>>> print(open('work-v7.pdb').read())   # PDB, C-alpha atoms
ATOM      1  CA  MET M   1    -116.158 -14.792   3.436
ATOM      2  CA  GLU M   2    -119.064 -12.399   2.878
ATOM      3  CA  ARG M   3    -116.733  -9.495   3.688
ATOM      4  CA  LEU M   4    -114.241 -10.670   1.041
ATOM      5  CA  SER M   5    -116.979 -10.961  -1.558
ATOM      6  CA  ALA M   6    -118.182  -7.431  -0.713
ATOM      7  CA  GLU M   7    -114.617  -6.065  -0.905
ATOM      8  CA  MET M   8    -114.204  -7.715  -4.307
ATOM      9  CA  LYS M   9    -117.456  -6.186  -5.573
ATOM     10  CA  ASP M  10    -116.332  -2.753  -4.392
ATOM     11  CA  ALA M  11    -112.990  -3.083  -6.199
ATOM     12  CA  MET M  12    -114.636  -4.337  -9.392
ATOM     13  CA  ARG M  13    -117.177  -1.491  -9.393
ATOM     14  CA  GLU M  14    -114.407   1.029  -8.871
ATOM     15  CA  LEU M  15    -112.486  -0.369 -11.853
ATOM     16  CA  VAL M  16    -115.642  -0.427 -14.006
ATOM     17  CA  ALA M  17    -116.226   3.264 -13.268
ATOM     18  CA  ALA M  18    -112.583   4.289 -13.810
ATOM     19  CA  ALA M  19    -112.142   2.333 -17.050
ATOM     20  CA  GLY M  20    -115.642   2.676 -18.518
ATOM     21  CA  LEU M  21    -115.925  -1.075 -18.937
ATOM     22  CA  THR M  22    -118.654  -2.604 -21.119
ATOM     23  CA  ASP M  23    -119.370  -5.940 -22.769
ATOM     24  CA  LYS M  24    -116.609  -5.168 -25.296
ATOM     25  CA  HIS M  25    -113.878  -5.271 -22.673
ATOM     26  CA  VAL M  26    -111.749  -7.907 -20.963
ATOM     27  CA  VAL M  27    -110.596  -7.677 -17.344
ATOM     28  CA  VAL M  28    -107.606  -9.753 -16.241
ATOM     29  CA  LEU M  29    -107.496 -10.852 -12.618
ATOM     30  CA  GLY M  30    -104.442 -12.064 -10.783
ATOM     31  CA  VAL M  31    -105.267 -13.308  -7.312
ATOM     32  CA  SER M  32    -103.201 -14.853  -4.563
ATOM     33  CA  THR M  33    -105.672 -16.387  -2.142
ATOM     34  CA  SER M  34    -102.683 -17.037   0.142
ATOM     35  CA  GLU M  35    -101.993 -13.288   0.316
ATOM     36  CA  VAL M  36    -105.685 -12.563   0.912
ATOM     37  CA  ALA M  37    -105.453 -14.910   3.914
ATOM     38  CA  GLY M  38    -102.380 -13.047   5.166
ATOM     39  CA  HIS M  39     -99.768 -15.606   4.073
ATOM     40  CA  ARG M  40     -96.912 -15.588   1.556
ATOM     41  CA  ILE M  41     -97.979 -15.866  -2.086
ATOM     42  CA  GLY M  42     -98.251 -19.481  -3.243
ATOM     43  CA  SER M  43     -98.071 -20.966   0.221
ATOM     44  CA  GLN M  44    -101.648 -21.612   1.378
ATOM     45  CA  GLY M  45    -104.151 -21.367  -1.461
ATOM     46  CA  SER M  46    -107.793 -21.444  -0.440
ATOM     47  CA  ASP M  47    -110.827 -22.653  -2.369
ATOM     48  CA  GLU M  48    -113.096 -20.878   0.138
ATOM     49  CA  ILE M  49    -111.427 -17.523  -0.494
ATOM     50  CA  ALA M  50    -111.460 -18.161  -4.248
ATOM     51  CA  ALA M  51    -115.203 -18.903  -4.078
ATOM     52  CA  ALA M  52    -115.931 -15.702  -2.148
ATOM     53  CA  LEU M  53    -113.922 -13.527  -4.524
ATOM     54  CA  PHE M  54    -115.340 -15.275  -7.597
ATOM     55  CA  ALA M  55    -118.889 -14.604  -6.385
ATOM     56  CA  GLY M  56    -118.134 -10.898  -6.022
ATOM     57  CA  MET M  57    -116.481 -10.693  -9.444
ATOM     58  CA  ARG M  58    -119.263 -12.555 -11.201
ATOM     59  CA  GLU M  59    -121.964 -10.377  -9.676
ATOM     60  CA  VAL M  60    -120.399  -7.218 -11.103
ATOM     61  CA  GLN M  61    -119.576  -8.957 -14.384
ATOM     62  CA  GLN M  62    -123.202  -9.950 -14.825
ATOM     63  CA  GLU M  63    -124.341  -6.374 -14.129
ATOM     64  CA  VAL M  64    -121.929  -4.830 -16.644
ATOM     65  CA  GLY M  65    -121.129  -7.576 -19.165
ATOM     66  CA  PHE M  66    -117.305  -7.386 -19.401
ATOM     67  CA  HIS M  67    -115.333 -10.618 -19.842
ATOM     68  CA  LEU M  68    -113.117 -12.191 -17.177
ATOM     69  CA  ALA M  69    -109.672 -13.738 -17.573
ATOM     70  CA  PHE M  70    -108.019 -15.365 -14.547
ATOM     71  CA  GLN M  71    -104.233 -15.478 -14.531
ATOM     72  CA  CYS M  72    -102.618 -18.726 -13.424
ATOM     73  CA  CYS M  73     -99.460 -18.766 -11.346
ATOM     74  CA  GLU M  74     -95.920 -19.147 -12.645
ATOM     75  CA  HIS M  75     -96.162 -22.981 -12.697
ATOM     76  CA  LEU M  76     -98.460 -22.664 -15.726
ATOM     77  CA  ASN M  77     -96.438 -19.766 -17.158
ATOM     78  CA  ARG M  78     -99.202 -17.305 -16.202
ATOM     79  CA  ALA M  79    -101.630 -18.757 -18.728
ATOM     80  CA  LEU M  80    -105.210 -17.516 -18.366
ATOM     81  CA  VAL M  81    -108.544 -19.186 -17.676
ATOM     82  CA  VAL M  82    -111.360 -17.877 -19.864
ATOM     83  CA  GLU M  83    -114.638 -19.167 -21.216
ATOM     84  CA  ARG M  84    -114.250 -20.887 -24.599
ATOM     85  CA  ALA M  85    -116.711 -18.419 -26.173
ATOM     86  CA  VAL M  86    -114.523 -15.518 -25.019
ATOM     87  CA  ALA M  87    -111.366 -17.159 -26.411
ATOM     88  CA  GLU M  88    -113.126 -17.678 -29.736
ATOM     89  CA  ARG M  89    -114.545 -14.137 -29.815
ATOM     90  CA  PHE M  90    -111.102 -12.571 -29.341
ATOM     91  CA  GLY M  91    -109.169 -15.130 -31.413
ATOM     92  CA  TRP M  92    -107.064 -16.493 -28.575
ATOM     93  CA  GLN M  93    -105.488 -19.901 -29.106
ATOM     94  CA  GLU M  94    -106.243 -22.559 -26.513
ATOM     95  CA  VAL M  95    -103.366 -24.258 -24.701
ATOM     96  CA  MET M  96    -103.563 -27.483 -22.725
ATOM     97  CA  ALA M  97    -103.331 -27.772 -18.971
ATOM     98  CA  VAL M  98    -105.759 -28.036 -16.085
ATOM     99  CA  PRO M  99    -105.032 -25.546 -13.322
ATOM    100  CA  VAL M 100    -105.072 -26.953  -9.807
ATOM    101  CA  ARG M 101    -104.342 -25.245  -6.499
ATOM    102  CA  HIS M 102    -100.611 -26.129  -6.514
ATOM    103  CA  ALA M 103    -100.063 -25.609 -10.257
ATOM    104  CA  GLY M 104    -102.124 -22.721 -11.471
ATOM    105  CA  GLY M 105    -103.330 -21.293  -8.185
ATOM    106  CA  ALA M 106    -106.521 -21.633  -6.179
ATOM    107  CA  MET M 107    -108.291 -18.732  -7.931
ATOM    108  CA  ALA M 108    -107.530 -19.919 -11.458
ATOM    109  CA  ALA M 109    -108.391 -23.510 -10.521
ATOM    110  CA  TYR M 110    -111.706 -22.379  -9.035
ATOM    111  CA  ALA M 111    -112.502 -20.306 -12.128
ATOM    112  CA  PHE M 112    -111.617 -23.253 -14.388
ATOM    113  CA  ARG M 113    -114.148 -25.415 -12.548
ATOM    114  CA  HIS M 114    -116.894 -22.757 -12.426
ATOM    115  CA  LEU M 115    -116.796 -20.848 -15.717
ATOM    116  CA  ALA M 116    -118.894 -22.131 -18.594
ATOM    117  CA  ASP M 117    -116.691 -24.353 -20.793
ATOM    118  CA  ALA M 118    -113.397 -23.004 -19.444
ATOM    119  CA  VAL M 119    -110.164 -23.205 -21.413
ATOM    120  CA  LEU M 120    -106.633 -21.909 -20.976
ATOM    121  CA  VAL M 121    -105.033 -19.406 -23.309
ATOM    122  CA  GLU M 122    -101.379 -18.406 -23.254
ATOM    123  CA  SER M 123    -101.657 -14.643 -23.425
ATOM    124  CA  ILE M 124    -104.111 -11.798 -23.959
ATOM    125  CA  GLN M 125    -104.154  -8.016 -24.061
ATOM    126  CA  ALA M 126    -106.811  -7.035 -21.554
ATOM    127  CA  ASP M 127    -108.431  -3.613 -21.274
ATOM    128  CA  ALA M 128    -108.129  -3.448 -17.496
ATOM    129  CA  GLY M 129    -107.046  -5.562 -14.562
ATOM    130  CA  ILE M 130    -106.963  -6.118 -10.854
ATOM    131  CA  ASP M 131    -103.929  -7.624  -9.149
ATOM    132  CA  ILE M 132    -104.645  -8.955  -5.671
ATOM    133  CA  GLY M 133    -101.516 -10.027  -3.831
ATOM    134  CA  ASP M 134     -98.838  -8.755  -6.235
ATOM    135  CA  THR M 135     -99.270 -11.487  -8.856
ATOM    136  CA  LEU M 136     -97.896  -9.314 -11.703
ATOM    137  CA  ILE M 137    -100.687  -9.099 -14.315
ATOM    138  CA  GLY M 138     -98.961  -6.425 -16.417
ATOM    139  CA  MET M 139     -97.892  -8.886 -19.102
ATOM    140  CA  HIS M 140    -101.583  -9.409 -19.965
ATOM    141  CA  LEU M 141    -102.592  -5.750 -20.321
ATOM    142  CA  LYS M 142    -102.605  -3.730 -23.533
ATOM    143  CA  PRO M 143     -99.325  -1.814 -24.026
ATOM    144  CA  VAL M 144    -100.321   1.501 -22.428
ATOM    145  CA  ALA M 145    -101.459   0.740 -18.887
ATOM    146  CA  VAL M 146    -102.657   3.559 -16.657
ATOM    147  CA  PRO M 147    -102.749   3.062 -12.875
ATOM    148  CA  VAL M 148    -106.132   3.269 -11.184
ATOM    149  CA  ARG M 149    -105.667   4.304  -7.581
ATOM    150  CA  PRO M 150    -108.110   2.144  -5.631
ATOM    151  CA  GLY M 151    -110.003   3.496  -2.662
ATOM    152  CA  ARG M 152    -109.523   0.067  -1.090
ATOM    153  CA  LYS M 153    -105.813  -0.719  -0.888
ATOM    154  CA  THR M 154    -106.289  -4.305   0.310
ATOM    155  CA  ILE M 155    -108.664  -7.224  -0.005
ATOM    156  CA  GLY M 156    -108.242  -9.338   3.082
ATOM    157  CA  GLY M 157    -104.509  -9.190   3.754
ATOM    158  CA  ALA M 158    -103.524  -8.750   0.085
ATOM    159  CA  HIS M 159    -102.289  -5.571  -1.582
ATOM    160  CA  VAL M 160    -104.555  -4.412  -4.460
ATOM    161  CA  THR M 161    -103.311  -2.785  -7.653
ATOM    162  CA  MET M 162    -105.583  -1.841 -10.549
ATOM    163  CA  ALA M 163    -105.002  -0.568 -14.073
ATOM    164  CA  LYS M 164    -106.913   0.490 -17.135
ATOM    165  CA  THR M 165    -105.452   0.873 -20.612
ATOM    166  CA  ARG M 166    -105.673   3.444 -23.367
ATOM    167  CA  PRO M 167    -104.606   3.576 -27.009
ATOM    168  CA  LYS M 168    -101.035   4.619 -27.761
ATOM    169  CA  LEU M 169    -100.568   8.313 -28.562
ATOM    170  CA  ILE M 170     -98.766   8.586 -31.892
ATOM    171  CA  GLY M 171     -97.524  11.529 -33.911
ATOM    172  CA  GLY M 172     -95.501  14.576 -33.150
ATOM    173  CA  ALA M 173     -95.950  18.308 -32.646
ATOM    174  CA  ARG M 174     -98.901  18.495 -35.069
ATOM    175  CA  ALA M 175    -100.796  15.519 -33.666
ATOM    176  CA  VAL M 176    -104.263  16.105 -32.234
ATOM    177  CA  TYR M 177    -105.624  13.704 -29.631
ATOM    178  CA  VAL M 178    -109.115  15.099 -28.949
ATOM    179  CA  ARG M 179    -111.909  14.889 -31.488
ATOM    180  CA  GLU M 180    -113.640  18.166 -32.165
ATOM    181  CA  ILE M 181    -117.107  18.450 -33.623
ATOM    182  CA  GLU M 182    -116.988  20.456 -36.827
ATOM    183  CA  LYS M 183    -119.770  22.927 -37.260
ATOM    184  CA  VAL M 184    -121.062  23.340 -40.764
ATOM    185  CA  SER M 185    -122.539  26.745 -41.541
ATOM    186  CA  PRO M 186    -125.854  26.803 -43.410
TER
END
>>> encode(input="work-v7.pdb", output="structure tokens")
Amino acid sequence: MERLSAEMKDAMRELVAAAGLTDKHVVVLGVSTSEVAGHRIGSQGSDEIAAALFAGMREVQQEVGFHLAFQCCEHLNRALVVERAVAERFGWQEVMAVPVRHAGGAMAAYAFRHLADAVLVESIQADAGIDIGDTLIGMHLKPVAVPVRPGRKTIGGAHVTMAKTRPKLIGGARAVYVREIEKVSP
């Protein structure tokens, strides 16, 4: 379990560096603990694996200050577990359900029990995300997602995919996308 926690920390730190995450950002996490254990998604959820991964995530979160959102499985329509203060800060409406291992997923259920005043929200637009075990987090990212190629391709037995987001580029041939500092002559 210590190895899984260390792998999670490594992945989180890599995403923080690639996306420039701060306390203004939200990271969505989709995790199949079954896949981490080497089994088919949704088949053998594990509280022990969830605890190890959660510890790694929280350590990096506390160092950097970004906010965490844990995606539930399809049985809760991929709702997200967040702290109530985070939901209020970003204006997300609470929905009612309590994630459990077989309806929500082991990771989301663990987060619901261990975050401060956890609630579920139906959808968000996160700044970045990590998908562990092909859980399909894309629906909860801002519209322009950019792949982050992780150095670590797996956590346990699960495939890892990461993304950051950027603002949409708008305009046409005359549009400028890089700010230039204007020099004023004396």
>>> closest_residue(input="work-v7.pdb", among="M:Glu74, M:Glu88, M:Glu83, M:Asp127", to="M:Gly42", atoms="only C-alpha atoms")
M:Glu74
>>> resolve_selection(input="work-v7.pdb", expression="the PyMOL selection byres ((chain M and resi 106) around 6)", output="VMD selection string")
chain M and resid 45 to 47 101 105 107 to 110
>>> write_last_selection(input="work-v7.pdb", atoms="C-alpha atoms", output="PDB file, keeping the file's coordinate frame")
ATOM      1  CA  GLY M  45    -104.151 -21.367  -1.461  1.00  0.00           C
ATOM      2  CA  SER M  46    -107.793 -21.444  -0.440  1.00  0.00           C
ATOM      3  CA  ASP M  47    -110.827 -22.653  -2.369  1.00  0.00           C
ATOM      4  CA  ARG M 101    -104.342 -25.245  -6.499  1.00  0.00           C
ATOM      5  CA  GLY M 105    -103.330 -21.293  -8.185  1.00  0.00           C
ATOM      6  CA  MET M 107    -108.291 -18.732  -7.931  1.00  0.00           C
ATOM      7  CA  ALA M 108    -107.530 -19.919 -11.458  1.00  0.00           C
ATOM      8  CA  ALA M 109    -108.391 -23.510 -10.521  1.00  0.00           C
ATOM      9  CA  TYR M 110    -111.706 -22.379  -9.035  1.00  0.00           C
TER      10      TYR M 110
END
>>> resolve_selection(input="work-v7.pdb", expression="the PyMOL selection byres ((chain M and resi 152-162) around 6)", output="ChimeraX atom specification")
/M:35-38,129-133,148,150-151,163
>>> write_last_selection(input="work-v7.pdb", atoms="C-alpha atoms", output="PDB file, in the coordinates of the input")
ATOM      1  CA  GLU M  35    -101.993 -13.288   0.316  1.00  0.00           C
ATOM      2  CA  VAL M  36    -105.685 -12.563   0.912  1.00  0.00           C
ATOM      3  CA  ALA M  37    -105.453 -14.910   3.914  1.00  0.00           C
ATOM      4  CA  GLY M  38    -102.380 -13.047   5.166  1.00  0.00           C
ATOM      5  CA  GLY M 129    -107.046  -5.562 -14.562  1.00  0.00           C
ATOM      6  CA  ILE M 130    -106.963  -6.118 -10.854  1.00  0.00           C
ATOM      7  CA  ASP M 131    -103.929  -7.624  -9.149  1.00  0.00           C
ATOM      8  CA  ILE M 132    -104.645  -8.955  -5.671  1.00  0.00           C
ATOM      9  CA  GLY M 133    -101.516 -10.027  -3.831  1.00  0.00           C
ATOM     10  CA  VAL M 148    -106.132   3.269 -11.184  1.00  0.00           C
ATOM     11  CA  PRO M 150    -108.110   2.144  -5.631  1.00  0.00           C
ATOM     12  CA  GLY M 151    -110.003   3.496  -2.662  1.00  0.00           C
ATOM     13  CA  ALA M 163    -105.002  -0.568 -14.073  1.00  0.00           C
TER      14      ALA M 163
END
>>> closest_residue(input="work-v7.pdb", among="M:Pro143, M:Leu21, M:Gly104, M:Arg149", to="M:Lys168", atoms="only C-alpha atoms")
M:Pro143
>>> resolve_selection(input="work-v7.pdb", expression="the PyMOL selection byres ((chain M and resi 144) around 10)", output="MDAnalysis selection string")
chainID M and resid 127 141:143 145:147 163:169
>>> residues_around(input="work-v7.pdb", residues="stretch 58-66 of chain M", least_positions_apart="3", cutoff="10 Å", atoms="only C-alpha atoms", output="number ranges by chain")
M: 5, 8-13, 16, 20-27, 53-55, 115, 127
>>> write_last_selection(input="work-v7.pdb", atoms="C-alpha atoms", output="JSON list (two decimals), in the coordinates of the input")
[["chain", "number", "residue", "atom", "x", "y", "z"],
["M", 5, "SER", "CA", -116.98, -10.96, -1.56],
["M", 8, "MET", "CA", -114.20, -7.72, -4.31],
["M", 9, "LYS", "CA", -117.46, -6.19, -5.57],
["M", 10, "ASP", "CA", -116.33, -2.75, -4.39],
["M", 11, "ALA", "CA", -112.99, -3.08, -6.20],
["M", 12, "MET", "CA", -114.64, -4.34, -9.39],
["M", 13, "ARG", "CA", -117.18, -1.49, -9.39],
["M", 16, "VAL", "CA", -115.64, -0.43, -14.01],
["M", 20, "GLY", "CA", -115.64, 2.68, -18.52],
["M", 21, "LEU", "CA", -115.92, -1.08, -18.94],
["M", 22, "THR", "CA", -118.65, -2.60, -21.12],
["M", 23, "ASP", "CA", -119.37, -5.94, -22.77],
["M", 24, "LYS", "CA", -116.61, -5.17, -25.30],
["M", 25, "HIS", "CA", -113.88, -5.27, -22.67],
["M", 26, "VAL", "CA", -111.75, -7.91, -20.96],
["M", 27, "VAL", "CA", -110.60, -7.68, -17.34],
["M", 53, "LEU", "CA", -113.92, -13.53, -4.52],
["M", 54, "PHE", "CA", -115.34, -15.28, -7.60],
["M", 55, "ALA", "CA", -118.89, -14.60, -6.38],
["M", 115, "LEU", "CA", -116.80, -20.85, -15.72],
["M", 127, "ASP", "CA", -108.43, -3.61, -21.27]]
>>> axis_aligned_box(input="work-v7.pdb", around="stretch 172-178 of chain M", padding_each_side="4 Å", output="JSON")
{"center_x": -102.3, "center_y": 16.1, "center_z": -32.0, "size_x": 21.6, "size_y": 12.8, "size_z": 14.1}
>>> atom_distance(input="work-v7.pdb", atom1="atom CA of M:Glu14", atom2="atom CA of M:His39")
25.7 Å
